[in-house]
Structures are given as structure tokens and as C-alpha cells.
Amino acid sequence: MFNKLSTLIAITLLIRFSVCHAENVGKFSVNETATCSDQTLSLNGAGVRKKLFIKLYVATLCTQTKNSDEHQLLDMGQPLCMRLHIISSKITSEKLVKATKEGFKKSTQGDIAGIAEEIEIFLTWVNQPIKKGDVLEFSFLPGNKIQTSKNNQHLGEINNKKFASALFGIWLGSNPVQLNLKKKLLDI
């Protein structure tokens, strides 16, 4: 009798944990590891970006070593990978460009000196037709490189550590696009 009760409790907890985990990423399946620009990284955290109760995308942050300190991560001392899995047809390239500009402004407190040219180049990469199911990937690699891809197609590369910090700061900085998304990416 005790074994049956223990088994039932274990199964109930497993199902409950699985459902909670699925809710944390918008019922979107997220792998524990990812290969980003030939680097194998581990999932640091994942969450859903919402605006006015509309789920827009699932963001996943992968790192070499799990880290919940945004200052260490934004110091760009290790490879990082951010993936945006588009889950809404409400996202358009125009809206994404506008949101990205606002994100850079918030991330840098309006001071884009030294990265303005890089931001404009980056915006040309995100200003492409976008649809539900698309995946945007931003990888930071040793040598201060940011590689950008869409649906595994390389879009370009920028070599500027300050730009990299500002880009990841959109989600992880002191004034992030969404605070509860930041907490989920940092798994805190």
C-alpha cells in the first residue's frame, strides 16, 4: 500500500512539475543545451515576452555556465546565446525594428555613442519579413563577435563588445524590456 501511495505521489509531482515547466516557456519545448555558432551552451533560463496579455515570443538564454548575475553576463566574459522563438502573428518586421530601437535606447540609457553604426546594421537584419515560427538567434562569441541568424541562416556579424552588452542588455539590463522575462532568463 505504501509503495502504491509513494508511486502515485511521485507521478503527481512529476506531472505537476512538467506542466509548470511548460507554462514557464509558453508550452514551448526548450532543450537543455543548444549549439549556437558552433558553441555548445546550456540553458540558463527561458520565458515568454508578453505585451498587453499577448504572448509574442519565447526567449531562451544559453550560457557556458549557469549564471543569475546580469552584471557578470553583460560584462561579456563568456559565450552567450539568445534565441527568440516567434509565437505570435502580431509581430511584424516594422514592430520588431521599433521595439529593438526602444530596447537599445533603454539598455544604453539613451547613450548609443560608439555603437550607433552597429545598431543600424543590426536593424537591417531584423527588418525582414517575420512570421510565427521564425527563430532569431544572437550569439556572443570570444573575440567580441555577435553573430545573428534567422531560422539557422546567417545574417551577419558585428565585432563590438559594447554593442554586444547593449544588445543583451535589452533583456538582461537594469531597464529590461520586461522584468519578469529577465528574471526567468536569469532563472531567479
# chains A, B, ... in the order shown; residues from 1 in each chain; ligands from 1

$ select_by_dssp --residues "chain A" --states "helix (DSSP H, G or I)" --output "PyMOL selection string"
chain A and resi 2-24+70-74+93-107+116-126+161-172+179-185

$ residues_around --residues "Leu123 of chain A" --least-positions-apart "4" --cutoff "8 Å" --atoms "only C-alpha atoms" --output "PyMOL selection string"
chain A and resi 97+100+119+127

$ select_by_dssp --residues "chain A" --states "strand (DSSP E or B)" --output "ChimeraX atom specification"
/A:33-36,39-51,54-63,80-86,135-141,145-150,153-159

$ write_last_selection --atoms "C-alpha atoms" --output "PDB file, in the first residue's frame"
ATOM      1  CA  THR A  33      21.503  22.503 -24.373  1.00  0.00           C
ATOM      2  CA  ALA A  34      21.885  24.420 -27.619  1.00  0.00           C
ATOM      3  CA  THR A  35      24.517  24.788 -30.271  1.00  0.00           C
ATOM      4  CA  CYS A  36      24.890  28.461 -31.090  1.00  0.00           C
ATOM      5  CA  GLN A  39      29.393  26.605 -29.299  1.00  0.00           C
ATOM      6  CA  THR A  40      27.526  24.071 -27.157  1.00  0.00           C
ATOM      7  CA  LEU A  41      25.843  26.013 -24.379  1.00  0.00           C
ATOM      8  CA  SER A  42      23.421  25.130 -21.581  1.00  0.00           C
ATOM      9  CA  LEU A  43      20.035  26.647 -20.953  1.00  0.00           C
ATOM     10  CA  ASN A  44      20.338  29.434 -18.392  1.00  0.00           C
ATOM     11  CA  GLY A  45      16.669  30.388 -18.441  1.00  0.00           C
ATOM     12  CA  ALA A  46      13.612  30.885 -20.639  1.00  0.00           C
ATOM     13  CA  GLY A  47      10.459  32.962 -20.568  1.00  0.00           C
ATOM     14  CA  VAL A  48       7.651  34.434 -22.589  1.00  0.00           C
ATOM     15  CA  ARG A  49       7.650  38.041 -23.785  1.00  0.00           C
ATOM     16  CA  LYS A  50       4.151  39.442 -23.394  1.00  0.00           C
ATOM     17  CA  LYS A  51       2.619  42.770 -24.282  1.00  0.00           C
ATOM     18  CA  ILE A  54      -0.439  38.852 -25.929  1.00  0.00           C
ATOM     19  CA  LYS A  55       2.322  36.254 -25.953  1.00  0.00           C
ATOM     20  CA  LEU A  56       4.831  37.447 -28.570  1.00  0.00           C
ATOM     21  CA  TYR A  57       7.873  35.185 -28.318  1.00  0.00           C
ATOM     22  CA  VAL A  58       9.669  32.682 -26.158  1.00  0.00           C
ATOM     23  CA  ALA A  59      13.153  33.902 -25.276  1.00  0.00           C
ATOM     24  CA  THR A  60      15.857  31.454 -24.256  1.00  0.00           C
ATOM     25  CA  LEU A  61      19.253  32.389 -22.853  1.00  0.00           C
ATOM     26  CA  CYS A  62      22.059  29.835 -23.107  1.00  0.00           C
ATOM     27  CA  THR A  63      25.427  30.206 -21.381  1.00  0.00           C
ATOM     28  CA  LEU A  80      26.065  33.738 -24.682  1.00  0.00           C
ATOM     29  CA  CYS A  81      23.181  32.927 -26.961  1.00  0.00           C
ATOM     30  CA  MET A  82      19.719  34.496 -27.016  1.00  0.00           C
ATOM     31  CA  ARG A  83      17.009  32.879 -29.116  1.00  0.00           C
ATOM     32  CA  LEU A  84      13.647  34.450 -29.826  1.00  0.00           C
ATOM     33  CA  HIS A  85      11.058  31.881 -30.918  1.00  0.00           C
ATOM     34  CA  ILE A  86       8.225  33.864 -32.509  1.00  0.00           C
ATOM     35  CA  VAL A 135      13.640  31.845 -34.705  1.00  0.00           C
ATOM     36  CA  LEU A 136      16.057  34.750 -34.309  1.00  0.00           C
ATOM     37  CA  GLU A 137      19.411  33.976 -32.703  1.00  0.00           C
ATOM     38  CA  PHE A 138      22.012  36.366 -31.303  1.00  0.00           C
ATOM     39  CA  SER A 139      25.268  34.690 -30.258  1.00  0.00           C
ATOM     40  CA  PHE A 140      28.166  36.347 -28.467  1.00  0.00           C
ATOM     41  CA  LEU A 141      31.464  34.589 -29.074  1.00  0.00           C
ATOM     42  CA  LYS A 145      31.678  38.921 -32.023  1.00  0.00           C
ATOM     43  CA  ILE A 146      27.909  38.980 -32.208  1.00  0.00           C
ATOM     44  CA  GLN A 147      26.559  36.621 -34.854  1.00  0.00           C
ATOM     45  CA  THR A 148      22.951  36.986 -35.909  1.00  0.00           C
ATOM     46  CA  SER A 149      20.847  34.385 -37.681  1.00  0.00           C
ATOM     47  CA  LYS A 150      17.228  33.772 -38.569  1.00  0.00           C
ATOM     48  CA  GLN A 153      20.501  31.333 -41.842  1.00  0.00           C
ATOM     49  CA  HIS A 154      23.477  33.563 -41.008  1.00  0.00           C
ATOM     50  CA  LEU A 155      22.554  37.251 -41.355  1.00  0.00           C
ATOM     51  CA  GLY A 156      25.762  38.916 -40.260  1.00  0.00           C
ATOM     52  CA  GLU A 157      28.376  39.578 -37.647  1.00  0.00           C
ATOM     53  CA  ILE A 158      29.361  42.608 -35.583  1.00  0.00           C
ATOM     54  CA  ASN A 159      32.658  42.865 -33.693  1.00  0.00           C
TER      55      ASN A 159
END

$ atom_distance --atom1 "atom CA of Asn144 of chain A" --atom2 "atom CA of Asp38 of chain A"
15.2 Å

$ closest_residue --among "A:Val25, A:Gly114, A:Leu172, A:Asn151" --to "Ile130 of chain A" --atoms "only C-alpha atoms"
A:Asn151

$ residues_around --residues "Lys105 of chain A" --least-positions-apart "5" --cutoff "9 Å" --atoms "only C-alpha atoms" --output "JSON, numbers by chain"
{"A": [100, 110, 111, 112, 166, 170]}

$ closest_residue --among "A:Glu102, A:Pro79, A:Lys66, A:Asn160" --to "Val177 of chain A" --atoms "only C-alpha atoms"
A:Glu102

$ atom_distance --atom1 "atom CA of Lys161 of chain A" --atom2 "atom CA of Lys184 of chain A"
24.1 Å
